[in-house]
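A.B. asks: Input file: entry22.txt. Contents: compact mmCIF, C-alpha atoms and all ligand atoms.
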# COMPACT_ATOMS: atom_id res chain seq x y z
CA THR A 449 -249.28 -29.28 58.08
CA GLU A 450 -247.03 -31.99 56.71
CA GLU A 451 -246.12 -29.81 53.77
CA LEU A 452 -245.37 -26.88 56.09
CA LEU A 453 -243.21 -29.04 58.25
CA ARG A 454 -241.35 -30.27 55.25
CA SER A 455 -240.64 -26.81 53.94
CA SER A 456 -239.49 -25.57 57.34
CA GLU A 457 -237.16 -28.56 57.53
CA LYS A 458 -235.85 -27.64 54.12
CA LEU A 459 -235.28 -24.08 55.27
CA ALA A 460 -233.35 -25.33 58.26
CA VAL A 461 -231.13 -27.43 55.99
CA ALA A 462 -230.66 -24.47 53.62
CA GLY A 463 -229.69 -22.23 56.55
CA GLN A 464 -227.20 -24.79 57.78
CA LEU A 465 -225.72 -25.11 54.33
CA ALA A 466 -225.52 -21.33 53.87
CA ALA A 467 -223.73 -20.98 57.20
CA GLY A 468 -221.30 -23.71 56.20
CA VAL A 469 -220.61 -22.14 52.81
CA ALA A 470 -220.10 -18.70 54.34
CA HIS A 471 -217.66 -20.14 56.84
CA GLU A 472 -215.73 -22.20 54.31
CA ILE A 473 -215.33 -19.26 51.95
CA ARG A 474 -214.49 -16.74 54.64
CA ASN A 475 -211.32 -18.57 55.65
CA PRO A 476 -209.55 -18.37 52.30
CA LEU A 477 -210.92 -14.83 51.81
CA THR A 478 -209.45 -13.71 55.13
CA SER A 479 -206.11 -15.10 54.14
CA LEU A 480 -206.29 -13.47 50.69
CA LYS A 481 -207.15 -10.15 52.27
CA GLY A 482 -204.25 -10.46 54.69
CA PHE A 483 -201.74 -11.12 51.94
CA THR A 484 -203.13 -8.29 49.84
CA GLN A 485 -202.83 -5.82 52.72
CA PHE A 486 -199.37 -7.10 53.48
CA MET A 487 -198.18 -6.57 49.92
CA LYS A 488 -199.91 -3.20 49.68
CA ALA A 489 -198.13 -2.08 52.85
CA GLY A 490 -194.92 -2.56 50.92
CA ALA A 491 -193.75 -5.91 52.18
CA GLN A 492 -191.17 -7.27 49.81
CA TYR A 493 -192.64 -9.24 46.98
CA LYS A 494 -192.47 -12.93 47.52
CA GLU A 495 -193.29 -15.53 44.93
CA GLN A 496 -194.50 -17.86 47.66
CA TYR A 497 -197.24 -15.39 48.70
CA LEU A 498 -198.65 -15.61 45.23
CA ASP A 499 -198.58 -19.40 45.41
CA ILE A 500 -200.56 -19.36 48.65
CA MET A 501 -203.00 -16.80 47.27
CA MET A 502 -203.45 -18.91 44.16
CA SER A 503 -204.21 -22.01 46.20
CA GLU A 504 -206.72 -20.09 48.33
CA LEU A 505 -208.44 -18.94 45.13
CA ASP A 506 -208.44 -22.54 43.89
CA ARG A 507 -210.11 -23.60 47.08
CA ILE A 508 -212.88 -21.02 46.72
CA GLU A 509 -213.32 -22.07 43.11
CA GLN A 510 -213.58 -25.74 44.08
CA ILE A 511 -216.21 -25.02 46.74
CA ILE A 512 -218.25 -22.95 44.30
CA SER A 513 -218.14 -25.52 41.53
CA GLU A 514 -219.21 -28.35 43.83
CA LEU A 515 -222.06 -26.25 45.18
CA LEU A 516 -223.18 -25.37 41.68
CA LEU A 517 -223.47 -29.05 40.94
CA LEU A 518 -225.71 -29.30 43.97
CA ALA A 519 -227.79 -26.25 43.09
CA ARG A 520 -227.97 -27.40 39.51
CA PRO A 521 -229.08 -24.38 37.50
CA GLN A 522 -228.18 -26.12 34.21
CA ALA A 523 -230.69 -28.14 32.26
CA VAL A 524 -230.76 -31.72 33.42
CA THR A 525 -231.35 -34.35 30.78
CA TYR A 526 -232.01 -37.89 31.85
CA ARG A 527 -231.50 -40.59 29.27
CA THR A 528 -231.44 -44.36 29.25
CA LYS A 529 -227.77 -45.27 29.05
CA PRO A 530 -225.61 -48.32 29.47
CA LEU A 531 -223.47 -48.05 32.60
CA GLU A 532 -220.38 -49.75 31.21
CA PRO A 533 -219.03 -46.85 29.09
CA ILE A 534 -219.71 -44.44 31.94
CA LEU A 535 -217.62 -46.53 34.31
CA THR A 536 -214.81 -47.18 31.83
CA HIS A 537 -214.61 -43.48 31.05
CA VAL A 538 -214.27 -42.60 34.73
CA ILE A 539 -211.64 -45.31 35.18
CA SER A 540 -209.63 -43.94 32.24
CA LEU A 541 -209.78 -40.46 33.78
CA LEU A 542 -208.34 -41.64 37.08
CA GLU A 543 -205.94 -44.33 35.87
CA PRO A 544 -202.98 -41.93 35.57
CA GLN A 545 -203.49 -40.80 39.16
CA ALA A 546 -203.68 -44.41 40.34
CA ASN A 547 -200.47 -45.31 38.48
CA LEU A 548 -198.71 -42.31 39.92
CA GLN A 549 -199.65 -43.41 43.43
CA ASN A 550 -198.91 -47.07 42.91
CA VAL A 551 -202.51 -48.02 43.34
CA GLU A 552 -203.46 -51.20 41.54
CA LEU A 553 -206.74 -50.59 39.76
CA LEU A 554 -208.95 -53.59 39.15
CA ALA A 555 -212.22 -53.37 37.29
CA SER A 556 -214.76 -56.04 36.79
CA ILE A 557 -217.58 -54.75 34.63
CA PRO A 558 -219.54 -57.51 32.94
CA SER A 559 -221.13 -56.81 29.58
CA GLY A 560 -224.90 -56.97 29.48
CA LEU A 561 -225.56 -54.87 32.56
CA PRO A 562 -229.06 -53.43 32.45
CA PRO A 563 -229.18 -49.77 31.33
CA VAL A 564 -229.88 -47.00 33.79
CA TYR A 565 -231.99 -43.90 33.41
CA CYS A 566 -229.50 -41.20 34.21
CA GLU A 567 -227.97 -37.78 33.80
CA GLU A 568 -224.67 -39.09 32.49
CA ASN A 569 -222.41 -36.23 33.60
CA HIS A 570 -223.78 -36.24 37.10
CA LEU A 571 -223.37 -39.98 37.37
CA LYS A 572 -219.79 -39.69 36.15
CA GLN A 573 -219.23 -37.06 38.82
CA VAL A 574 -220.38 -39.54 41.47
CA PHE A 575 -217.91 -42.22 40.40
CA ILE A 576 -215.13 -39.65 40.00
CA ASN A 577 -215.77 -38.40 43.56
CA LEU A 578 -215.78 -41.92 44.96
CA MET A 579 -212.66 -43.05 43.10
CA LYS A 580 -210.85 -39.87 44.08
CA ASN A 581 -211.67 -40.48 47.71
CA ALA A 582 -210.28 -44.01 47.48
CA LEU A 583 -207.10 -42.80 45.76
CA GLU A 584 -206.67 -39.96 48.25
CA ALA A 585 -206.95 -42.52 51.05
CA MET A 586 -204.02 -44.48 49.58
CA PRO A 587 -201.28 -41.94 48.86
CA ARG A 588 -198.61 -44.61 49.20
CA GLY A 589 -200.18 -47.33 47.16
CA GLY A 590 -202.80 -49.97 47.57
CA ARG A 591 -205.56 -51.66 45.67
CA LEU A 592 -208.82 -50.29 44.36
CA GLU A 593 -211.38 -52.65 42.94
CA LEU A 594 -214.43 -51.51 41.04
CA ALA A 595 -217.04 -54.16 40.43
CA ALA A 596 -220.42 -53.86 38.78
CA SER A 597 -223.17 -56.41 38.79
CA ALA A 598 -226.78 -56.73 37.81
CA SER A 599 -229.37 -57.81 40.26
CA GLU A 600 -232.95 -58.72 39.54
CA GLU A 601 -234.57 -56.57 42.20
CA ASP A 602 -232.03 -53.77 42.62
CA GLY A 603 -231.05 -52.93 39.08
CA VAL A 604 -227.32 -52.31 38.97
CA CYS A 605 -224.88 -52.45 41.82
CA VAL A 606 -221.43 -50.86 41.70
CA THR A 607 -218.95 -51.36 44.50
CA LEU A 608 -215.66 -49.58 45.02
CA GLU A 609 -213.45 -51.39 47.45
CA ASP A 610 -210.14 -50.01 48.63
CA ASN A 611 -207.62 -51.31 51.08
CA GLY A 612 -206.78 -47.90 52.51
CA PRO A 613 -206.82 -46.98 56.19
CA GLY A 614 -210.60 -47.19 56.53
CA ILE A 615 -212.80 -44.83 58.53
CA PRO A 616 -213.15 -44.94 62.32
CA ALA A 617 -216.73 -45.57 63.53
CA GLU A 618 -217.13 -42.11 65.07
CA LEU A 619 -216.30 -40.47 61.74
CA LEU A 620 -218.38 -42.87 59.66
CA LYS A 621 -221.52 -41.32 61.15
CA ARG A 622 -220.51 -37.90 59.90
CA LEU A 623 -219.95 -38.84 56.26
CA GLY A 624 -222.07 -36.82 53.86
CA GLU A 625 -222.35 -33.96 56.33
CA PRO A 626 -221.57 -30.79 54.36
CA PHE A 627 -217.93 -29.71 54.78
CA PHE A 628 -216.96 -32.73 56.83
CA THR A 629 -213.42 -33.53 55.76
CA THR A 630 -210.31 -35.02 57.31
CA LYS A 631 -208.13 -33.64 54.50
CA GLU A 632 -206.10 -30.49 54.68
CA LYS A 633 -207.33 -29.46 51.25
CA GLY A 634 -210.64 -31.30 51.20
CA SER A 635 -213.96 -29.60 50.52
CA GLY A 636 -216.04 -32.11 52.44
CA LEU A 637 -218.68 -31.86 49.72
CA GLY A 638 -217.90 -34.87 47.54
CA LEU A 639 -219.94 -37.45 49.41
CA MET A 640 -222.86 -35.12 50.04
CA VAL A 641 -223.07 -34.21 46.35
CA SER A 642 -222.69 -37.87 45.33
CA GLN A 643 -225.38 -38.97 47.74
CA LYS A 644 -227.75 -36.33 46.41
CA ILE A 645 -227.13 -37.28 42.79
CA VAL A 646 -227.62 -41.00 43.47
CA ALA A 647 -230.84 -40.27 45.39
CA GLU A 648 -232.11 -38.21 42.45
CA HIS A 649 -231.55 -41.27 40.29
CA GLY A 650 -233.73 -43.27 42.64
CA GLY A 651 -230.70 -45.16 43.95
CA ARG A 652 -228.80 -45.62 47.18
CA LEU A 653 -225.25 -44.91 48.23
CA SER A 654 -223.73 -46.56 51.27
CA VAL A 655 -220.32 -46.63 52.87
CA ASP A 656 -218.99 -49.60 54.74
CA SER A 657 -215.69 -49.12 56.50
CA ARG A 658 -213.64 -50.13 59.47
CA GLU A 659 -210.55 -48.46 60.85
CA GLY A 660 -207.64 -50.38 59.40
CA GLY A 661 -209.92 -52.52 57.27
CA GLY A 662 -210.37 -50.54 54.06
CA THR A 663 -213.52 -48.95 52.71
CA THR A 664 -216.26 -50.22 50.44
CA VAL A 665 -218.69 -47.80 48.85
CA THR A 666 -221.77 -49.27 47.21
CA VAL A 667 -223.98 -47.51 44.70
CA VAL A 668 -227.22 -49.17 43.69
CA LEU A 669 -229.13 -47.75 40.73
CA PRO A 670 -232.53 -48.85 39.49
CA GLN A 671 -232.72 -50.43 36.10
CA ALA A 672 -234.24 -48.12 33.44
CA SER A 673 -237.82 -48.96 32.69
CA GLU A 674 -240.54 -47.78 30.29
CA ARG A 675 -241.94 -45.73 33.11
CA THR A 676 -238.70 -43.81 33.63
CA ASP A 677 -237.86 -43.23 30.01
CA PRO A 678 -240.79 -43.21 27.59
CA ALA A 679 -238.74 -41.26 25.03
CA SER A 680 -236.10 -43.91 24.48
CA ASP A 681 -238.75 -46.59 24.52
CA ALA A 682 -240.54 -44.89 21.63
CA ALA A 683 -237.25 -44.55 19.79
CA ASP A 684 -236.56 -48.27 20.19
CA SER A 685 -239.78 -49.46 18.62
P1 LIG A 701 -213.29 -34.63 50.84
O1 LIG A 701 -212.82 -35.72 49.92
O2 LIG A 701 -213.20 -33.27 50.23
O3 LIG A 701 -212.66 -34.70 52.20
P2 LIG A 701 -215.76 -36.13 50.83
O4 LIG A 701 -217.16 -35.77 51.15
O5 LIG A 701 -215.48 -36.71 49.50
O6 LIG A 701 -214.87 -34.84 51.09
O7 LIG A 701 -215.25 -37.17 51.94
C1 LIG A 701 -215.38 -36.85 53.30
C2 LIG A 701 -214.42 -37.63 54.17
O8 LIG A 701 -214.77 -39.02 54.15
C3 LIG A 701 -212.97 -37.60 53.73
O9 LIG A 701 -212.31 -36.42 54.20
C4 LIG A 701 -212.42 -38.86 54.37
O10 LIG A 701 -212.09 -38.64 55.73
C5 LIG A 701 -213.60 -39.80 54.35
N1 LIG A 701 -213.51 -40.79 53.25
C6 LIG A 701 -214.27 -40.81 52.12
N2 LIG A 701 -213.93 -41.85 51.33
C7 LIG A 701 -212.95 -42.53 51.97
C8 LIG A 701 -212.17 -43.70 51.67
N3 LIG A 701 -212.34 -44.41 50.55
N4 LIG A 701 -211.23 -44.11 52.60
C9 LIG A 701 -211.05 -43.39 53.74
N5 LIG A 701 -211.74 -42.28 54.07
C10 LIG A 701 -212.68 -41.84 53.21
MG MG A 702 -213.80 -36.29 48.19
Kindly transcribe the structure held in the file into C-alpha cells.
Ligand code: ADP
Ligand code: MG

C.D. replies:
Amino acid sequence: TEELLRSSEKLAVAGQLAAGVAHEIRNPLTSLKGFTQFMKAGAQYKEQYLDIMMSELDRIEQIISELLLLARPQAVTYRTKPLEPILTHVISLLEPQANLQNVELLASIPSGLPPVYCEENHLKQVFINLMKNALEAMPRGGRLELAASASEEDGVCVTLEDNGPGIPAELLKRLGEPFFTTKEKGSGLGLMVSQKIVAEHGGRLSVDSREGGGTTVTVVLPQASERTDPASDAADS
C-alpha cells in the first residue's frame, strides 16, 4: 500500500506540473497567435511585433529547456570531482553580468575541499541558477559573496549571500513551487530544478531570507566516498 500511495502522490505531482506547463506555454502561444492573425489580416508590418513575438518564443524555449533538465532524458554520468573548478567556472561565467550591474563579487573557496560525487553539468546549473537569482535581485548593484567550506559531517557547504532586497516571509514558503516567480520574465523553475538536482546528489538546498535583509542560499553536498564512486576509487589505486 505504501508503494501505491507513493505512486499516486507522484501522479498528483506530475498532473500539477503538467497543468502548470500547459498554462505557462499557453500564454505566449496565445500572444503569438494573436500577432500572427493580426499580421495576416493585413495590419501594417511593425518591427516591434516581431520583437515581441521573438521574446515570446524565447520564453517558450526557456521553459522547455528547464523542463528538459528536470525530465533528464540524456545520459547522466556521476563522477568524483573537486568542487573548486566547478565553482570558479560558474563564477567566471557570471562575472561579466555582475560587473555590468555593479555587483561586487566575492569568492572564498579554500583549496583542499573534499571532492563530491556529482554530475558536473547539473551541479554547474545549480550554481548558475542561484547566482543568477542573486544578480537579478540586485539590478542596481550590491554584493554577492560565495563561500565554500568543508565540514566533517556534512561534506561540503557552499553559501551564496547577497545583500539584495530579500524575500518576504509569505513568499519564502512558496519558493521551489513550479512556476512561482516575482519576475516579469521569470520562469519560476530555477529553484525547483536546483532543489531537485541537489537532492539527487544526496544534498540539501535551503534559503534563508528576510525582507530588506538580503538572501543566503546554502547548498550542502556529501563528500564523495568509496561507496558512491567505486570506479574512481579503482582508478586511484
Ligand atoms: P525565477 O528566477 O525564474 O523567478 P526561481 O525559481 O529561480 O525562478 O526563483 C523564484 C523566485 O524566488 C524569484 O522570482 C524571486 O522572487 C525569489 N528569489 C530567488 N532568489 C532570490 C534572491 N537571491 N533574492 C531575492 N529573491 C529571490
Ligand atoms: Mg531564477

A.B. asks: In the coordinates of the file, take the point (-231.1, -53.4, 45.5) and a cut-off of 12 Å; then, counting all atoms listed in the file, name each qualifying protein, DNA or RNA residue as a ChimeraX atom specification.

C.D. replies: /A:597-606,650-654,666-671

A.B. asks: At what distance in Å, to one decimal, does atom CA of Ser540 of chain A lie from atom N1 of ligand LIG 701 (chain A)?

C.D. replies: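 Between atom N1 of ligand LIG 701 (chain A) and atom CA of Ser540 of chain A the gap works out to 21.6 Å.
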
A.B. asks: Which protein, DNA or RNA residues have an atom within 9 Å of ligand LIG 701 (chain A), counting all atoms listed in the file, as a PyMOL selection string?

C.D. replies: chain A and resi 577-586+608-616+619-620+622-642+655+657+659+662-665

A.B. asks: Report, in Å to a single decimal, how far apart atom CA of Lys572 of chain A and atom CA of Ile534 of chain A are.

C.D. replies: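 The value is 6.3 Å.
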
A.B. asks: Taking only C-alpha atoms into account, name the residue in A:Thr478, A:Ser559, A:Thr484, A:Gln496 that is nearest to Glu532 of chain A.

C.D. replies: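 Going through A:Thr478, A:Ser559, A:Thr484, A:Gln496 one by one, the smallest distance to Glu532 of chain A is for A:Ser559.
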
A.B. asks: Which polymer residues have any atom within 9 Å of an atom of segment 588-590 of chain A, counting all atoms listed in the file, with same-chain residues fewer than 6 positions away left out, as a list in words?

C.D. replies: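 Once the adjacent positions are removed, what remains is Ala546, Asn547, Leu548, Gln549, Asn550, Val551, Glu552, Leu553, Asp610, Asn611 and Gly612 of chain A.
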
A.B. asks: Suppose you want the space between atom CA of Leu541 of chain A and atom CA of Ile576 of chain A; what is it in Å?

C.D. replies: 8.2 Å

A.B. asks: Considering all atoms listed in the file, return as a list in words whatever protein or nucleic-acid residues lie within 8 Å of Ile508 of chain A, sequence-local ones (same chain, fewer than 4 positions apart) excluded.

C.D. replies: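 The residues that qualify are Ile473, Pro476, Glu504 and Ile512 of chain A.
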
A.B. asks: Which residue gives the smallest distance to ligand MG 702 (chain A) among A:Gln643, A:Asn475, A:Gln485, A:Pro562, with all atoms listed in the file counted?

C.D. replies: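 Using all atoms listed in the file, the shortest distance to ligand MG 702 (chain A) belongs to A:Gln643.
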
A.B. asks: Let me have the centre and edge lengths of the axis-aligned box enclosing all listed atoms of segment 573-589 of chain A with 5 Å padding on every side, in Å to one decimal, as JSON.

C.D. replies:
{"center_x": -209.5, "center_y": -42.2, "center_z": 44.9, "size_x": 31.8, "size_y": 20.3, "size_z": 22.2}

A.B. asks: So, with only C-alpha atoms as the atoms that count, which of A:Leu505, A:Ala466, A:Ala647, A:Ala595 lies closest to Leu561 of chain A?

C.D. replies: A:Ala595

A.B. asks: Give as a PyMOL selection string the set of residues within 8 Å of the point (-225.4, -34.4, 33.8), where distances use the file's coordinates and all atoms listed in the file.

C.D. replies: chain A and resi 524-526+566-571

A.B. asks: With only C-alpha atoms and all ligand atoms as the basis for distance, which of A:Asp656, A:Leu592, A:Glu514, A:Gln545 is at the shortest distance from ligand MG 702 (chain A)?

C.D. replies: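 When distances to ligand MG 702 (chain A) are compared using only C-alpha atoms and all ligand atoms, the smallest one comes from A:Glu514.
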
A.B. asks: Would you mind completing segment 503-518 of chain A to N, CA and C atoms and writing the output as a short mmCIF file (atom, residue, chain, number, x, y, z; two decimals), in the frame of the given file?

C.D. replies:
data_model
loop_
_atom_site.label_atom_id
_atom_site.label_comp_id
_atom_site.auth_asym_id
_atom_site.auth_seq_id
_atom_site.Cartn_x
_atom_site.Cartn_y
_atom_site.Cartn_z
N SER A 503 -203.57 -20.80 45.70
CA SER A 503 -204.21 -22.01 46.20
C SER A 503 -205.47 -21.68 47.02
N GLU A 504 -205.50 -20.52 47.64
CA GLU A 504 -206.72 -20.09 48.33
C GLU A 504 -207.83 -19.80 47.31
N LEU A 505 -207.45 -19.19 46.19
CA LEU A 505 -208.44 -18.94 45.13
C LEU A 505 -208.95 -20.25 44.55
N ASP A 506 -208.03 -21.22 44.39
CA ASP A 506 -208.44 -22.54 43.89
C ASP A 506 -209.46 -23.17 44.82
N ARG A 507 -209.22 -22.99 46.10
CA ARG A 507 -210.11 -23.60 47.08
C ARG A 507 -211.52 -23.00 46.99
N ILE A 508 -211.58 -21.68 46.86
CA ILE A 508 -212.88 -21.02 46.72
C ILE A 508 -213.57 -21.52 45.45
N GLU A 509 -212.77 -21.62 44.39
CA GLU A 509 -213.32 -22.07 43.11
C GLU A 509 -213.87 -23.49 43.22
N GLN A 510 -213.15 -24.34 43.93
CA GLN A 510 -213.58 -25.74 44.08
C GLN A 510 -214.90 -25.82 44.86
N ILE A 511 -214.98 -25.03 45.93
CA ILE A 511 -216.21 -25.02 46.74
C ILE A 511 -217.39 -24.57 45.89
N ILE A 512 -217.17 -23.49 45.14
CA ILE A 512 -218.25 -22.95 44.30
C ILE A 512 -218.69 -23.97 43.25
N SER A 513 -217.72 -24.63 42.61
CA SER A 513 -218.14 -25.52 41.53
C SER A 513 -218.87 -26.74 42.08
N GLU A 514 -218.48 -27.22 43.26
CA GLU A 514 -219.21 -28.35 43.83
C GLU A 514 -220.61 -27.94 44.27
N LEU A 515 -220.73 -26.72 44.77
CA LEU A 515 -222.06 -26.25 45.18
C LEU A 515 -222.97 -26.03 43.99
N LEU A 516 -222.37 -25.58 42.88
CA LEU A 516 -223.18 -25.37 41.68
C LEU A 516 -223.77 -26.68 41.19
N LEU A 517 -222.97 -27.74 41.32
CA LEU A 517 -223.47 -29.05 40.94
C LEU A 517 -224.69 -29.42 41.78
N LEU A 518 -224.64 -29.00 43.03
CA LEU A 518 -225.71 -29.30 43.97
C LEU A 518 -226.94 -28.45 43.65
#
